[in-house]
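Trainee: File query.csv below, CSV, N, CA and C atoms:
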```csv
chain,number,residue,atom,x,y,z
M,1,MET,N,-1.3,-4.8,-0.2
M,1,MET,CA,-0.1,-4.1,0.1
M,1,MET,C,0.7,-4.9,1.2
M,2,ARG,N,0.0,-5.3,2.2
M,2,ARG,CA,0.7,-6.1,3.3
M,2,ARG,C,1.2,-7.4,2.8
M,3,THR,N,0.4,-8.1,2.0
M,3,THR,CA,0.8,-9.3,1.4
M,3,THR,C,2.1,-9.2,0.6
M,4,ARG,N,2.2,-8.1,-0.2
M,4,ARG,CA,3.4,-7.9,-0.9
M,4,ARG,C,4.7,-7.8,-0.1
M,5,ARG,N,4.5,-7.1,1.1
M,5,ARG,CA,5.6,-6.9,2.0
M,5,ARG,C,6.0,-8.2,2.6
M,6,ILE,N,5.1,-9.0,3.0
M,6,ILE,CA,5.4,-10.3,3.6
M,6,ILE,C,6.0,-11.2,2.5
M,7,THR,N,5.5,-11.2,1.3
M,7,THR,CA,6.1,-12.0,0.3
M,7,THR,C,7.5,-11.6,0.0
M,8,SER,N,7.7,-10.3,-0.1
M,8,SER,CA,9.1,-9.8,-0.3
M,8,SER,C,10.0,-10.1,0.8
M,9,ALA,N,9.6,-10.1,2.0
M,9,ALA,CA,10.4,-10.4,3.2
M,9,ALA,C,10.7,-11.9,3.2
M,10,LEU,N,9.7,-12.7,2.8
M,10,LEU,CA,10.0,-14.2,2.8
M,10,LEU,C,10.9,-14.5,1.6
M,11,ARG,N,10.8,-13.9,0.5
M,11,ARG,CA,11.8,-14.1,-0.6
M,11,ARG,C,13.2,-13.7,-0.2
M,12,ALA,N,13.3,-12.6,0.5
M,12,ALA,CA,14.7,-12.2,0.9
M,12,ALA,C,15.2,-13.1,2.0
M,13,ALA,N,14.4,-13.6,2.9
M,13,ALA,CA,14.8,-14.5,3.9
M,13,ALA,C,15.2,-15.9,3.3
M,14,SER,N,14.5,-16.4,2.3
M,14,SER,CA,14.9,-17.6,1.7
M,14,SER,C,16.2,-17.5,0.9
M,15,LEU,N,16.4,-16.4,0.2
M,15,LEU,CA,17.6,-16.1,-0.5
M,15,LEU,C,18.8,-16.1,0.5
M,16,ALA,N,18.6,-15.4,1.6
M,16,ALA,CA,19.7,-15.3,2.6
M,16,ALA,C,19.9,-16.7,3.2
M,17,ALA,N,18.9,-17.5,3.5
M,17,ALA,CA,19.1,-18.8,4.0
M,17,ALA,C,19.8,-19.7,3.0
M,18,GLY,N,19.5,-19.6,1.8
M,18,GLY,CA,20.2,-20.4,0.7
M,18,GLY,C,21.7,-20.0,0.7
M,19,PHE,N,22.0,-18.7,0.7
M,19,PHE,CA,23.3,-18.2,0.7
M,19,PHE,C,24.1,-18.7,1.9
M,20,LEU,N,23.5,-18.7,3.1
M,20,LEU,CA,24.2,-19.1,4.3
M,20,LEU,C,24.4,-20.7,4.2
M,21,CYS,N,23.5,-21.4,3.6
M,21,CYS,CA,23.7,-22.8,3.5
M,21,CYS,C,24.9,-23.1,2.6
M,22,VAL,N,25.0,-22.4,1.5
M,22,VAL,CA,26.1,-22.6,0.6
M,22,VAL,C,27.4,-22.2,1.3
M,23,LEU,N,27.5,-21.1,2.1
M,23,LEU,CA,28.7,-20.7,2.8
M,23,LEU,C,29.0,-21.8,3.9
M,24,ALA,N,28.0,-22.3,4.6
M,24,ALA,CA,28.3,-23.3,5.6
M,24,ALA,C,28.9,-24.6,4.9
M,25,GLY,N,28.4,-24.9,3.8
M,25,GLY,CA,28.9,-26.1,3.1
M,25,GLY,C,30.3,-26.0,2.6
M,26,LEU,N,30.6,-24.8,2.2
M,26,LEU,CA,32.0,-24.5,1.6
M,26,LEU,C,33.0,-24.4,2.8
M,27,SER,N,32.6,-24.0,3.9
M,27,SER,CA,33.5,-23.7,5.0
M,27,SER,C,34.1,-25.0,5.6
M,28,GLY,N,33.5,-26.1,5.4
M,28,GLY,CA,33.9,-27.4,5.9
M,28,GLY,C,35.2,-27.9,5.3
M,29,HIS,N,35.4,-27.6,4.0
M,29,HIS,CA,36.5,-28.1,3.3
M,29,HIS,C,37.4,-27.0,2.7
M,30,ALA,N,37.6,-26.0,3.4
M,30,ALA,CA,38.4,-24.9,2.9
M,30,ALA,C,39.9,-25.1,3.1
M,31,ALA,N,40.2,-25.9,4.1
M,31,ALA,CA,41.7,-26.2,4.4
M,31,ALA,C,42.1,-27.4,3.5
M,32,ALA,N,43.3,-27.3,3.1
M,32,ALA,CA,43.9,-28.4,2.3
M,32,ALA,C,44.4,-29.5,3.3
M,33,THR,N,44.0,-30.7,3.0
M,33,THR,CA,44.4,-31.8,3.9
M,33,THR,C,45.1,-32.9,3.0
M,34,PRO,N,45.9,-33.7,3.5
M,34,PRO,CA,46.5,-34.8,2.7
M,34,PRO,C,45.4,-35.8,2.3
M,35,VAL,N,45.6,-36.3,1.1
M,35,VAL,CA,44.6,-37.2,0.5
M,35,VAL,C,44.9,-38.6,1.1
M,36,PRO,N,43.9,-39.3,1.7
M,36,PRO,CA,44.1,-40.7,2.1
M,36,PRO,C,44.3,-41.6,1.0
M,37,PRO,N,44.9,-42.7,1.2
M,37,PRO,CA,45.2,-43.7,0.1
M,37,PRO,C,43.9,-44.3,-0.4
M,38,VAL,N,42.9,-44.5,0.4
M,38,VAL,CA,41.6,-45.1,-0.1
M,38,VAL,C,40.5,-44.0,0.1
M,39,PRO,N,39.8,-43.7,-1.0
M,39,PRO,CA,38.7,-42.7,-0.9
M,39,PRO,C,37.6,-43.2,0.0
M,40,GLU,N,37.2,-42.4,0.9
M,40,GLU,CA,36.1,-42.7,1.8
M,40,GLU,C,35.1,-41.6,1.9
M,41,ILE,N,33.9,-41.9,2.2
M,41,ILE,CA,32.9,-40.9,2.3
M,41,ILE,C,32.5,-40.9,3.8
M,42,ASP,N,32.9,-39.8,4.5
M,42,ASP,CA,32.6,-39.7,5.9
M,42,ASP,C,31.4,-38.8,6.1
M,43,ALA,N,31.0,-38.8,7.3
M,43,ALA,CA,29.7,-38.0,7.6
M,43,ALA,C,29.9,-36.5,7.4
M,44,GLY,N,31.1,-36.0,7.6
M,44,GLY,CA,31.3,-34.5,7.3
M,44,GLY,C,31.2,-34.2,5.8
M,45,SER,N,31.7,-35.1,5.0
M,45,SER,CA,31.5,-34.8,3.5
M,45,SER,C,30.1,-34.9,3.1
M,46,MET,N,29.4,-35.9,3.6
M,46,MET,CA,28.0,-36.0,3.3
M,46,MET,C,27.2,-34.8,3.7
M,47,ALA,N,27.4,-34.3,5.0
M,47,ALA,CA,26.7,-33.2,5.5
M,47,ALA,C,27.0,-32.0,4.6
M,48,SER,N,28.2,-31.8,4.2
M,48,SER,CA,28.6,-30.7,3.4
M,48,SER,C,27.9,-30.7,2.0
M,49,ALA,N,27.9,-31.9,1.5
M,49,ALA,CA,27.2,-32.1,0.1
M,49,ALA,C,25.7,-31.8,0.2
M,50,LEU,N,25.1,-32.3,1.3
M,50,LEU,CA,23.6,-32.0,1.4
M,50,LEU,C,23.4,-30.6,1.7
M,51,THR,N,24.2,-29.9,2.4
M,51,THR,CA,24.1,-28.5,2.7
M,51,THR,C,24.2,-27.7,1.4
M,52,LEU,N,25.2,-28.0,0.6
M,52,LEU,CA,25.4,-27.3,-0.7
M,52,LEU,C,24.2,-27.6,-1.6
M,53,LEU,N,23.7,-28.8,-1.6
M,53,LEU,CA,22.6,-29.1,-2.5
M,53,LEU,C,21.3,-28.4,-2.1
M,54,SER,N,21.0,-28.4,-0.8
M,54,SER,CA,19.8,-27.7,-0.3
M,54,SER,C,20.0,-26.2,-0.5
M,55,GLY,N,21.1,-25.6,-0.3
M,55,GLY,CA,21.3,-24.2,-0.5
M,55,GLY,C,21.1,-23.8,-2.0
M,56,GLY,N,21.7,-24.6,-2.8
M,56,GLY,CA,21.5,-24.3,-4.3
M,56,GLY,C,20.1,-24.4,-4.7
M,57,LEU,N,19.4,-25.4,-4.2
M,57,LEU,CA,18.0,-25.6,-4.5
M,57,LEU,C,17.1,-24.4,-4.0
M,58,LEU,N,17.5,-23.9,-2.8
M,58,LEU,CA,16.8,-22.7,-2.3
M,58,LEU,C,17.0,-21.5,-3.2
M,59,ILE,N,18.2,-21.3,-3.6
M,59,ILE,CA,18.5,-20.2,-4.5
M,59,ILE,C,17.8,-20.3,-5.8
M,60,ILE,N,17.8,-21.5,-6.4
M,60,ILE,CA,17.1,-21.7,-7.7
M,60,ILE,C,15.6,-21.5,-7.5
M,61,ALA,N,15.0,-22.0,-6.4
M,61,ALA,CA,13.6,-21.8,-6.2
M,61,ALA,C,13.3,-20.4,-6.0
M,62,GLY,N,14.1,-19.6,-5.3
M,62,GLY,CA,13.9,-18.2,-5.1
M,62,GLY,C,13.9,-17.4,-6.4
M,63,ARG,N,14.8,-17.8,-7.3
M,63,ARG,CA,14.9,-17.1,-8.6
M,63,ARG,C,13.7,-17.4,-9.5
M,64,ARG,N,13.2,-18.7,-9.4
M,64,ARG,CA,12.1,-19.1,-10.3
M,64,ARG,C,10.8,-18.3,-9.9
M,65,LYS,N,10.6,-18.1,-8.6
M,65,LYS,CA,9.4,-17.5,-8.1
M,65,LYS,C,9.5,-16.0,-8.4
M,66,GLY,N,10.7,-15.4,-8.6
M,66,GLY,CA,10.8,-14.0,-8.9
M,66,GLY,C,10.3,-13.7,-10.3
M,67,LYS,N,10.3,-14.6,-11.2
M,67,LYS,CA,9.9,-14.4,-12.6
M,67,LYS,C,8.5,-14.4,-12.7
```
Here is the file; what I need is its structure written in the form of structure tokens.

Mentor:
Amino acid sequence: MRTRRITSALRAASLAAGFLCVLAGLSGHAAATPVPPVPEIDAGSMASALTLLSGGLLIIAGRRKGK
């Protein structure tokens, strides 16, 4: 019984962490900015991409364990 509660709490925490990672990744590029003439990959874009990727993977992993 106790193991089920812990597992349920961990599942909810991982889902919340994944959702927060996705929100943090999306908040970085919410404002419209002028497009530079040469496309560049800066550290902020890379951090946002990695945050979105890890958040998505956490959500997918949480859904797979639920089945």

Trainee: Between CA of Leu52 (chain M) and atom N of Leu23 (chain M), measure the distance and give it in Å to one decimal.

Mentor: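 It comes out at 7.1 Å.
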
Trainee: For Ser14 (chain M), list every protein, DNA or RNA residue within 7 Å, evaluated using all atoms listed in the file, and leave out those in the same chain fewer than 3 positions away; present the list as a PDB file with N, CA and C atoms, keeping the file's coordinate frame.

Mentor:
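As written to disk, part_37.pdb reads:
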```pdb
ATOM      1  N   ALA M   9       9.600 -10.100   2.000  1.00  0.00           N
ATOM      2  CA  ALA M   9      10.400 -10.400   3.200  1.00  0.00           C
ATOM      3  C   ALA M   9      10.700 -11.900   3.200  1.00  0.00           C
ATOM      4  N   LEU M  10       9.700 -12.700   2.800  1.00  0.00           N
ATOM      5  CA  LEU M  10      10.000 -14.200   2.800  1.00  0.00           C
ATOM      6  C   LEU M  10      10.900 -14.500   1.600  1.00  0.00           C
ATOM      7  N   ARG M  11      10.800 -13.900   0.500  1.00  0.00           N
ATOM      8  CA  ARG M  11      11.800 -14.100  -0.600  1.00  0.00           C
ATOM      9  C   ARG M  11      13.200 -13.700  -0.200  1.00  0.00           C
ATOM     10  N   ALA M  17      18.900 -17.500   3.500  1.00  0.00           N
ATOM     11  CA  ALA M  17      19.100 -18.800   4.000  1.00  0.00           C
ATOM     12  C   ALA M  17      19.800 -19.700   3.000  1.00  0.00           C
ATOM     13  N   GLY M  18      19.500 -19.600   1.800  1.00  0.00           N
ATOM     14  CA  GLY M  18      20.200 -20.400   0.700  1.00  0.00           C
ATOM     15  C   GLY M  18      21.700 -20.000   0.700  1.00  0.00           C
ATOM     16  N   PHE M  19      22.000 -18.700   0.700  1.00  0.00           N
ATOM     17  CA  PHE M  19      23.300 -18.200   0.700  1.00  0.00           C
ATOM     18  C   PHE M  19      24.100 -18.700   1.900  1.00  0.00           C
ATOM     19  N   LEU M  58      17.500 -23.900  -2.800  1.00  0.00           N
ATOM     20  CA  LEU M  58      16.800 -22.700  -2.300  1.00  0.00           C
ATOM     21  C   LEU M  58      17.000 -21.500  -3.200  1.00  0.00           C
ATOM     22  N   ILE M  59      18.200 -21.300  -3.600  1.00  0.00           N
ATOM     23  CA  ILE M  59      18.500 -20.200  -4.500  1.00  0.00           C
ATOM     24  C   ILE M  59      17.800 -20.300  -5.800  1.00  0.00           C
ATOM     25  N   GLY M  62      14.100 -19.600  -5.300  1.00  0.00           N
ATOM     26  CA  GLY M  62      13.900 -18.200  -5.100  1.00  0.00           C
ATOM     27  C   GLY M  62      13.900 -17.400  -6.400  1.00  0.00           C
TER      28      GLY M  62
END
```

Trainee: Which residue out of M:Pro37, M:Thr7, M:Arg64, M:Thr51 has the minimum interatomic distance to Cys21 (chain M) when only C-alpha atoms are used?

Mentor: M:Thr51

Trainee: Enter the distance from CA of Ile60 (chain M) to CA of Arg2 (chain M), in Å, rounded to one decimal.

Mentor: 25.2 Å

Trainee: Between CA of Asp42 (chain M) and CA of Leu15 (chain M), what distance in Å does the model show, to one decimal?

Mentor: 28.7 Å

Trainee: Using only C-alpha atoms, pick whichever of M:Gly25, M:Ile41, M:Lys65, M:Arg5 has the shortest atom-to-atom distance to Leu53 (chain M).

Mentor: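 Closest residue, counting only C-alpha atoms: M:Gly25.
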